[in-house]
Structure formats: C-alpha cells, structure tokens
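S.K.: Pasting a structure below so you can have a look.
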Amino acid sequence: MKTENKETAASVSSEKEVYEPDDINVYKPDVKDWYIPNHLQIETVTNLCNARCIMCPIDDWKRTPNIMDNEIYTEVLKKFLPYRDQLKFLSLFCCGESLLDKNFPDKVRIASEMEFNSIGIASNCDLLDDHTAQALIENGLDTVICGIDGITKETHETIRTRTNYDNIHANVLNFIKRRNESDKKTKVLIRFIRQQENKHEWEEYYDYWISRIDPEYGDDVVKFDVHNVGGELKDYESRDIIKFEAASDIICQDVFEKFLVYSDGAVALCNGDDNGFFEIGNVLETEPMEIYNGEVFNRYRQQMLEGNINNLEHCDTCTIPRSRMYKTPID
Ligand SMILES: C[S@@+](CC[C@H](N)C(=O)[O-])C[C@H]1O[C@@H](n2cnc3c(N)ncnc32)[C@H](O)[C@@H]1O
Ligand code: SF4
Ligand code: SF4
C-alpha cells in the first residue's frame, strides 16, 4: 500500500474545479399518472454510528436512536411485496451504521427469502469482521458499498474520524477473499466521497483498489462528490470541490424513483431528508403507494417538472442532484 503523497489532507489546495457540460449526466424522469418506485430504501439503524465522519451531518440528526427489530422490518417488507418485481433495488441503510445491528445478517436473509431484488448496504466497514462478512455473503447480500475516503491512513482517518483505516482495509480485502471463495456473487463497490481533504488522492486510490477487486462480479471503484445533504450540512462550503450554478430545471431522481422508510415505518421525502422534513405518512398505517402518490410527493414532482426546483423548500439549497450528475456511472 502506498502512503506517500505530495499533498496531504492538511496541505491540499482548496481551489474548486469547474465541470464542462460533457461531464454532466442529466436525469430525465418518466412522467406518469401513478408512480411506483424502483428503489426501496429501509433505514434499519437510526442515528447510531461508531464513526463521526466530517462530511456527515450526524451531530445534527434529531430522530430518536433506534435499531429496527426484525418483526417490524418484516412487516415493512410485506407492505412492498405487491411491488417487488418493479423494485430493482433494496438498500438497507440510511442515517446510521447498519452493522451495529447484531441481527443485520438476518435482515439480509429475510429480504433474500422474500425474493427482493438487489439487496445492498453502504457501510464504513469497521465492523465488517470475518464472521459478519461470511454471514452477509451466505445470506444473500447482493452489493456492499465500502466507504473508504483516502489512500492514506492519515487522510481516511481525518475524514472518517473514530474509524481505524488498517482494520477497514483488512476487512474489505477479507470480504473480497471470502466472496471469491464462496459460490455467491456479492458485488463490492469501493466508494470515495471526494472532498477538499482527499481530492488529491483519487487517482492513486483508484489504481490501488481497481487491482484488488474483480470486475467479473460487477465490482468497481467509484467516486461521488460531497454534497450538502438537503442543504443541512454545516461547513459544506469548505468541503465542496466543484463550482456549479444550479440550473432551475434540475430534476431530482429521489422523488420519482426512490421510497425511503425510516426505522419506525415513517416515510422520508428523499436522501437529503435526515430529520423528517414533513409528516408524509407511515407505511405501517397507510398503503405505501398512497403515500408515494400523495400531496407532498406530487407537489415536489410537479414543481420539478415545471422547472421550479429552486422554489421548493429544501431542494432550493440541496446539492445532491448536482453530485449525482458527476458520479462515476455504475451499471
Ligand atoms: C449516511 S451514510 C450511512 C451508511 C454508512 N454509515 C456509511 O457511511 O457508509 C450513507 C452514505 O452517505 C455517504 N455520505 C455521508 N455524508 C455525505 C456527504 N456529505 N456527501 C456525500 N455522501 C455522503 C457515506 O459515505 C455513505 O456512503
Ligand atoms: S459512517 Fe456513515 S453514518 Fe457514520 S458518520 Fe460516517 S457517513 Fe455518517
Ligand atoms: S433535491 Fe430535494 S428531493 Fe432531491 S435530495 Fe435534495 S432535498 Fe431531497
């Protein structure tokens, strides 16, 4: 592993990059009378994490810490069984670290037995020990997104504070090894949240990790630029790396394609909605598609389709769609 760099997290220049129009992927939704999401995200752990990453608004999360029990989790999944075939992805994480839940491998098994498509997690991987790795692979995890934010221990631990780079590095290599030894096909995505503190390391990071994964499984090394999480991230200006004037006709994929359920069954608007912007409904009480085609989602969709995203509360300052426009494309 290389640990030398001309620039360090402390010395790197804070200049912002300007993107050319050719670098940008613009999202265009399928306009419908009735929307069914293609991506279900369930927050299994709320407001609990072993880390304190500098680009994560964790210190401003206000919802009560919780680990979803498996009965409620199963009840939530059952609500989506009628839509299972339209749901291309099931993500089991949101505001917290899913591997703090000792029942998490069982949650993967339950979803897999219910035949949900493409079950994935994002994790900081500090708790991805050998036992957990084998259980996740065996129980049917389709994708793990490993949050590693530097090629050097110094940079990674400057960004992902309270984590241990050497442990994470060993855990991720062990996961790849266990996957390769198994007859399962779990995809490994190594993900770099590009920001001022690590932007100088991306090329070296890419070269290092690309030679340790296996494209035969769909593995990849991807980057995603830091965003301000629904406009809520303090210090965002000092972390941001790109200069971009938000156009008024940007459309956010979340309200057209994603359905995010918090660990108590309440519904979030989107991935920028860490604290519950609105009381949209709870899937344990109301049919999910009624919520998804209700007043709030419809208003947000309509305003975006009319080119008015800048008039929408939260979206007016949120840079999530902008980061998605520049992310490394993943199949
Ligand atoms: C909130 S975390 C929860 C899952 C897990 N704890 C983790 O870090 O992977 C979900 C994802 O958001 C990413 N993330 C956190 N803050 C971000 C920011 N300001 N901009 C872009 N991505 C961010 C993390 O790297 C992670 O991939
Ligand atoms: S590991 Fe994930 S949830 Fe925890 S602080 Fe970092 S980004 Fe936030
Ligand atoms: S643009 Fe709006 S809908 Fe999309 S993630 Fe940001 S706050 Fe949520």
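Going by the structure tokens order, chains are called A, B, ..., each with residues numbered from 1, while ligands are numbered from 1 in the order shown.
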Residues at most 12 Å from A:His169, counting only C-alpha atoms, excluding those fewer than 3 positions away in the same chain, as a ChimeraX atom specification?
M.R.: /A:1,124-129,146-153,156-157,163-166,172-176,190,208-209,212
S.K.: Please, could you write that set of residues out with C-alpha atoms as a short mmCIF file (atom, residue, chain, number, x, y, z; two decimals), in the first residue's frame?
M.R.:
```cif
data_model
loop_
_atom_site.label_atom_id
_atom_site.label_comp_id
_atom_site.auth_asym_id
_atom_site.auth_seq_id
_atom_site.Cartn_x
_atom_site.Cartn_y
_atom_site.Cartn_z
CA MET A 1 0.00 0.00 0.00
CA ASN A 124 -17.92 2.23 6.92
CA CYS A 125 -16.73 -1.42 7.18
CA ASP A 126 -15.01 -1.04 10.56
CA LEU A 127 -17.37 -3.72 11.97
CA LEU A 128 -17.17 -5.96 8.89
CA ASP A 129 -15.31 -8.75 10.67
CA CYS A 146 -17.42 0.25 1.21
CA GLY A 147 -16.84 3.80 2.43
CA ILE A 148 -13.10 4.37 2.22
CA ASP A 149 -12.14 8.01 1.85
CA GLY A 150 -8.41 8.05 1.36
CA ILE A 151 -5.47 6.03 0.11
CA THR A 152 -3.50 7.04 3.19
CA LYS A 153 -4.39 6.21 6.76
CA HIS A 156 -9.04 8.40 5.68
CA GLU A 157 -8.96 8.89 9.44
CA THR A 163 -12.60 4.63 12.43
CA ASN A 164 -9.42 2.62 12.01
CA TYR A 165 -8.07 2.57 8.45
CA ASP A 166 -5.93 -0.54 8.91
CA VAL A 172 -12.58 -5.14 2.89
CA LEU A 173 -9.78 -7.32 1.48
CA ASN A 174 -11.05 -10.22 3.61
CA PHE A 175 -14.61 -9.67 2.37
CA ILE A 176 -13.40 -9.86 -1.24
CA ILE A 190 -15.23 0.73 -3.15
CA TYR A 208 -4.82 0.73 -5.83
CA TRP A 209 -8.34 -0.62 -5.38
CA ARG A 212 -7.85 -5.73 -5.82
#
```
S.K.: May I have all residues of stretch 66-283 of chain A that DSSP, computed from the backbone, assigns to helix (DSSP H, G or I), given as an MDAnalysis selection string?
M.R.: chainID A and resid 70:79 81:83 98:100 104:113 130:139 153:159 165:181 199:210 215:217 236:239 254:257
S.K.: Can you pull out every residue from stretch 121-229 of chain A that DSSP, working from the backbone, puts in strand (DSSP E), and format the result as a VMD selection string?
M.R.: chain A and resid 121 to 123 143 to 147 160 to 161 187 to 194 220 to 225
S.K.: Would you pick out the contacts of stretch 285-292 of chain A at 12 Å or less, using only C-alpha atoms, so that residues sharing its chain but fewer than 2 positions from it are not included, and give the list as an MDAnalysis selection string?
M.R.: chainID A and resid 33:38 40 75:83 254:261 264:270 278:283 294:301
S.K.: Write the residues of the preceding selection, restricted to N, CA and C atoms, as a compact mmCIF listing (two decimals), in the first residue's frame.
M.R.:
```txt
# COMPACT_ATOMS: atom_id res chain seq x y z
N ASP A 33 -48.91 8.94 -14.44
CA ASP A 33 -50.06 9.36 -13.64
C ASP A 33 -49.97 8.79 -12.23
N TRP A 34 -49.31 7.65 -12.11
CA TRP A 34 -49.24 6.95 -10.82
C TRP A 34 -47.82 6.40 -10.70
N TYR A 35 -47.14 6.77 -9.63
CA TYR A 35 -45.72 6.40 -9.51
C TYR A 35 -45.54 5.20 -8.57
N ILE A 36 -44.71 4.29 -9.04
CA ILE A 36 -44.25 3.17 -8.19
C ILE A 36 -42.73 3.26 -8.19
N PRO A 37 -42.10 3.25 -7.03
CA PRO A 37 -40.63 3.43 -7.02
C PRO A 37 -39.92 2.22 -7.60
N ASN A 38 -38.69 2.42 -8.05
CA ASN A 38 -37.90 1.24 -8.43
C ASN A 38 -36.81 0.95 -7.40
N LEU A 40 -36.32 0.77 -3.17
CA LEU A 40 -36.80 0.86 -1.79
C LEU A 40 -35.58 0.93 -0.87
N GLU A 75 -42.58 -6.73 8.63
CA GLU A 75 -43.88 -6.11 8.34
C GLU A 75 -43.75 -5.05 7.24
N VAL A 76 -42.68 -4.26 7.34
CA VAL A 76 -42.45 -3.22 6.31
C VAL A 76 -42.22 -3.89 4.95
N LEU A 77 -41.38 -4.90 4.94
CA LEU A 77 -41.11 -5.56 3.65
C LEU A 77 -42.39 -6.13 3.04
N LYS A 78 -43.26 -6.69 3.90
CA LYS A 78 -44.51 -7.29 3.39
C LYS A 78 -45.37 -6.25 2.67
N LYS A 79 -45.32 -5.00 3.15
CA LYS A 79 -46.11 -3.93 2.51
C LYS A 79 -45.67 -3.70 1.06
N PHE A 80 -44.41 -4.09 0.77
CA PHE A 80 -43.89 -3.84 -0.58
C PHE A 80 -43.89 -5.08 -1.46
N LEU A 81 -44.38 -6.21 -0.91
CA LEU A 81 -44.40 -7.44 -1.72
C LEU A 81 -45.17 -7.27 -3.03
N PRO A 82 -46.33 -6.55 -3.02
CA PRO A 82 -47.04 -6.40 -4.29
C PRO A 82 -46.23 -5.65 -5.37
N TYR A 83 -45.20 -4.95 -4.96
CA TYR A 83 -44.42 -4.13 -5.91
C TYR A 83 -43.02 -4.71 -6.12
N ASP A 254 -34.80 11.20 -6.69
CA ASP A 254 -35.38 10.59 -5.50
C ASP A 254 -36.90 10.59 -5.50
N VAL A 255 -37.51 11.71 -5.84
CA VAL A 255 -38.97 11.78 -5.70
C VAL A 255 -39.69 11.06 -6.86
N PHE A 256 -38.94 10.65 -7.87
CA PHE A 256 -39.54 9.89 -8.98
C PHE A 256 -39.26 8.39 -8.86
N GLU A 257 -38.19 8.02 -8.15
CA GLU A 257 -37.79 6.61 -8.20
C GLU A 257 -37.55 5.95 -6.85
N LYS A 258 -37.33 6.76 -5.82
CA LYS A 258 -36.94 6.15 -4.54
C LYS A 258 -38.06 6.23 -3.50
N PHE A 259 -38.10 5.25 -2.61
CA PHE A 259 -39.03 5.27 -1.47
C PHE A 259 -38.20 4.94 -0.24
N LEU A 260 -38.10 5.90 0.67
CA LEU A 260 -37.23 5.71 1.84
C LEU A 260 -38.07 5.62 3.11
N VAL A 261 -37.91 4.51 3.82
CA VAL A 261 -38.67 4.26 5.05
C VAL A 261 -37.72 4.31 6.25
N ASP A 264 -38.89 3.49 12.04
CA ASP A 264 -40.20 3.38 12.71
C ASP A 264 -41.35 3.29 11.70
N GLY A 265 -41.01 3.14 10.42
CA GLY A 265 -42.05 3.00 9.39
C GLY A 265 -42.45 4.32 8.74
N ALA A 266 -41.99 5.45 9.31
CA ALA A 266 -42.33 6.76 8.71
C ALA A 266 -41.58 6.91 7.40
N VAL A 267 -42.15 7.74 6.52
CA VAL A 267 -41.60 7.88 5.17
C VAL A 267 -40.85 9.21 5.05
N ALA A 268 -39.66 9.13 4.45
CA ALA A 268 -38.86 10.34 4.19
C ALA A 268 -39.14 10.82 2.77
N LEU A 269 -38.87 12.09 2.53
CA LEU A 269 -39.03 12.60 1.17
C LEU A 269 -37.94 12.05 0.25
N CYS A 270 -36.72 11.95 0.79
CA CYS A 270 -35.59 11.70 -0.11
C CYS A 270 -34.33 11.46 0.71
N PHE A 278 -41.17 16.50 6.48
CA PHE A 278 -42.63 16.59 6.55
C PHE A 278 -43.16 15.32 7.22
N GLU A 279 -44.41 15.40 7.70
CA GLU A 279 -45.06 14.17 8.17
C GLU A 279 -45.81 13.59 6.97
N ILE A 280 -45.12 12.78 6.21
CA ILE A 280 -45.70 12.31 4.93
C ILE A 280 -46.60 11.10 5.14
N GLY A 281 -46.33 10.32 6.19
CA GLY A 281 -47.12 9.11 6.43
C GLY A 281 -46.22 8.02 6.95
N ASN A 282 -46.87 6.90 7.33
CA ASN A 282 -46.13 5.76 7.88
C ASN A 282 -46.63 4.51 7.18
N VAL A 283 -45.72 3.71 6.65
CA VAL A 283 -46.15 2.53 5.87
C VAL A 283 -46.80 1.46 6.74
N GLY A 294 -49.23 10.83 -2.91
CA GLY A 294 -49.97 11.82 -2.12
C GLY A 294 -49.49 13.24 -2.41
N GLU A 295 -50.03 14.16 -1.63
CA GLU A 295 -49.84 15.61 -1.89
C GLU A 295 -48.36 16.01 -1.92
N VAL A 296 -47.57 15.57 -0.95
CA VAL A 296 -46.20 16.09 -0.87
C VAL A 296 -45.36 15.61 -2.07
N PHE A 297 -45.34 14.30 -2.30
CA PHE A 297 -44.55 13.79 -3.43
C PHE A 297 -45.03 14.41 -4.75
N ASN A 298 -46.35 14.50 -4.93
CA ASN A 298 -46.86 15.03 -6.20
C ASN A 298 -46.47 16.50 -6.38
N ARG A 299 -46.53 17.26 -5.30
CA ARG A 299 -46.15 18.68 -5.40
C ARG A 299 -44.67 18.82 -5.77
N TYR A 300 -43.83 18.04 -5.14
CA TYR A 300 -42.40 18.13 -5.45
C TYR A 300 -42.13 17.71 -6.90
N ARG A 301 -42.82 16.64 -7.34
CA ARG A 301 -42.60 16.21 -8.74
C ARG A 301 -43.05 17.28 -9.71
```
S.K.: Choose the residue, out of A:Arg162, A:Lys28, A:Lys88, A:Arg324, that has the smallest atom-to-atom separation from ligand 3; count only C-alpha atoms and all ligand atoms.
M.R.: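 Nearest to ligand 3: A:Arg324.
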S.K.: Please identify the residues whose atoms come within 7 Å of ligand 1, using only C-alpha atoms and all ligand atoms, and report them as a VMD selection string.
M.R.: chain A and resid 49 55 to 57 93 to 98 122 to 124 145 to 147 193 224 to 229 233
S.K.: So which residues are near ligand 3, meaning at most 7 Å away with only C-alpha atoms and all ligand atoms counted, given back as an mmCIF file with N, CA and C atoms, in the first residue's frame?
M.R.:
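Ended up saving to selection_0.cif:
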```cif
data_model
loop_
_atom_site.group_PDB
_atom_site.id
_atom_site.type_symbol
_atom_site.label_atom_id
_atom_site.label_comp_id
_atom_site.auth_asym_id
_atom_site.auth_seq_id
_atom_site.Cartn_x
_atom_site.Cartn_y
_atom_site.Cartn_z
ATOM 1 N N VAL A 229 -26.398 17.373 1.732
ATOM 2 C CA VAL A 229 -27.442 16.586 2.411
ATOM 3 C C VAL A 229 -28.721 17.425 2.643
ATOM 4 N N GLY A 230 -29.375 17.763 1.547
ATOM 5 C CA GLY A 230 -30.630 18.522 1.666
ATOM 6 C C GLY A 230 -30.391 19.943 2.179
ATOM 7 N N CYS A 252 -34.730 15.999 -9.454
ATOM 8 C CA CYS A 252 -34.120 15.065 -8.513
ATOM 9 C C CYS A 252 -34.785 13.693 -8.635
ATOM 10 N N GLN A 253 -33.948 12.715 -8.889
ATOM 11 C CA GLN A 253 -34.383 11.330 -9.100
ATOM 12 C C GLN A 253 -35.161 10.768 -7.900
ATOM 13 N N ASP A 254 -34.803 11.204 -6.692
ATOM 14 C CA ASP A 254 -35.382 10.586 -5.496
ATOM 15 C C ASP A 254 -36.899 10.588 -5.501
ATOM 16 N N VAL A 255 -37.508 11.713 -5.840
ATOM 17 C CA VAL A 255 -38.973 11.778 -5.701
ATOM 18 C C VAL A 255 -39.685 11.059 -6.855
ATOM 19 N N LEU A 269 -38.866 12.091 2.532
ATOM 20 C CA LEU A 269 -39.033 12.598 1.169
ATOM 21 C C LEU A 269 -37.945 12.051 0.251
ATOM 22 N N CYS A 270 -36.719 11.948 0.792
ATOM 23 C CA CYS A 270 -35.586 11.705 -0.108
ATOM 24 C C CYS A 270 -34.326 11.463 0.715
ATOM 25 N N ASN A 271 -33.225 11.259 0.034
ATOM 26 C CA ASN A 271 -31.953 11.030 0.721
ATOM 27 C C ASN A 271 -31.380 12.270 1.420
ATOM 28 N N GLY A 272 -31.952 13.430 1.133
ATOM 29 C CA GLY A 272 -31.499 14.627 1.848
ATOM 30 C C GLY A 272 -32.265 14.834 3.141
ATOM 31 N N ASP A 273 -33.261 13.983 3.362
ATOM 32 C CA ASP A 273 -34.221 14.199 4.448
ATOM 33 C C ASP A 273 -33.829 13.402 5.699
ATOM 34 N N HIS A 314 -36.077 23.088 0.869
ATOM 35 C CA HIS A 314 -35.007 22.084 0.982
ATOM 36 C C HIS A 314 -34.288 21.870 -0.349
ATOM 37 N N CYS A 315 -35.052 21.654 -1.445
ATOM 38 C CA CYS A 315 -34.394 21.439 -2.744
ATOM 39 C C CYS A 315 -33.690 22.712 -3.202
ATOM 40 N N CYS A 318 -30.266 22.322 -1.836
ATOM 41 C CA CYS A 318 -29.669 20.979 -1.778
ATOM 42 C C CYS A 318 -28.773 20.717 -2.998
ATOM 43 N N THR A 319 -27.603 20.124 -2.759
ATOM 44 C CA THR A 319 -26.693 19.850 -3.887
ATOM 45 C C THR A 319 -26.602 18.347 -4.218
ATOM 46 N N ILE A 320 -27.524 17.547 -3.703
ATOM 47 C CA ILE A 320 -27.483 16.106 -4.008
ATOM 48 C C ILE A 320 -27.640 15.839 -5.513
ATOM 49 N N PRO A 321 -28.629 16.437 -6.198
ATOM 50 C CA PRO A 321 -28.736 16.143 -7.638
ATOM 51 C C PRO A 321 -27.467 16.535 -8.387
#
```
S.K.: Using only C-alpha atoms for the distances, tell me which of A:Gln303, A:Glu197, A:Lys184, A:Leu189 is nearest to A:Val221.
M.R.: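 Smallest separation from A:Val221 among the options: A:Leu189.
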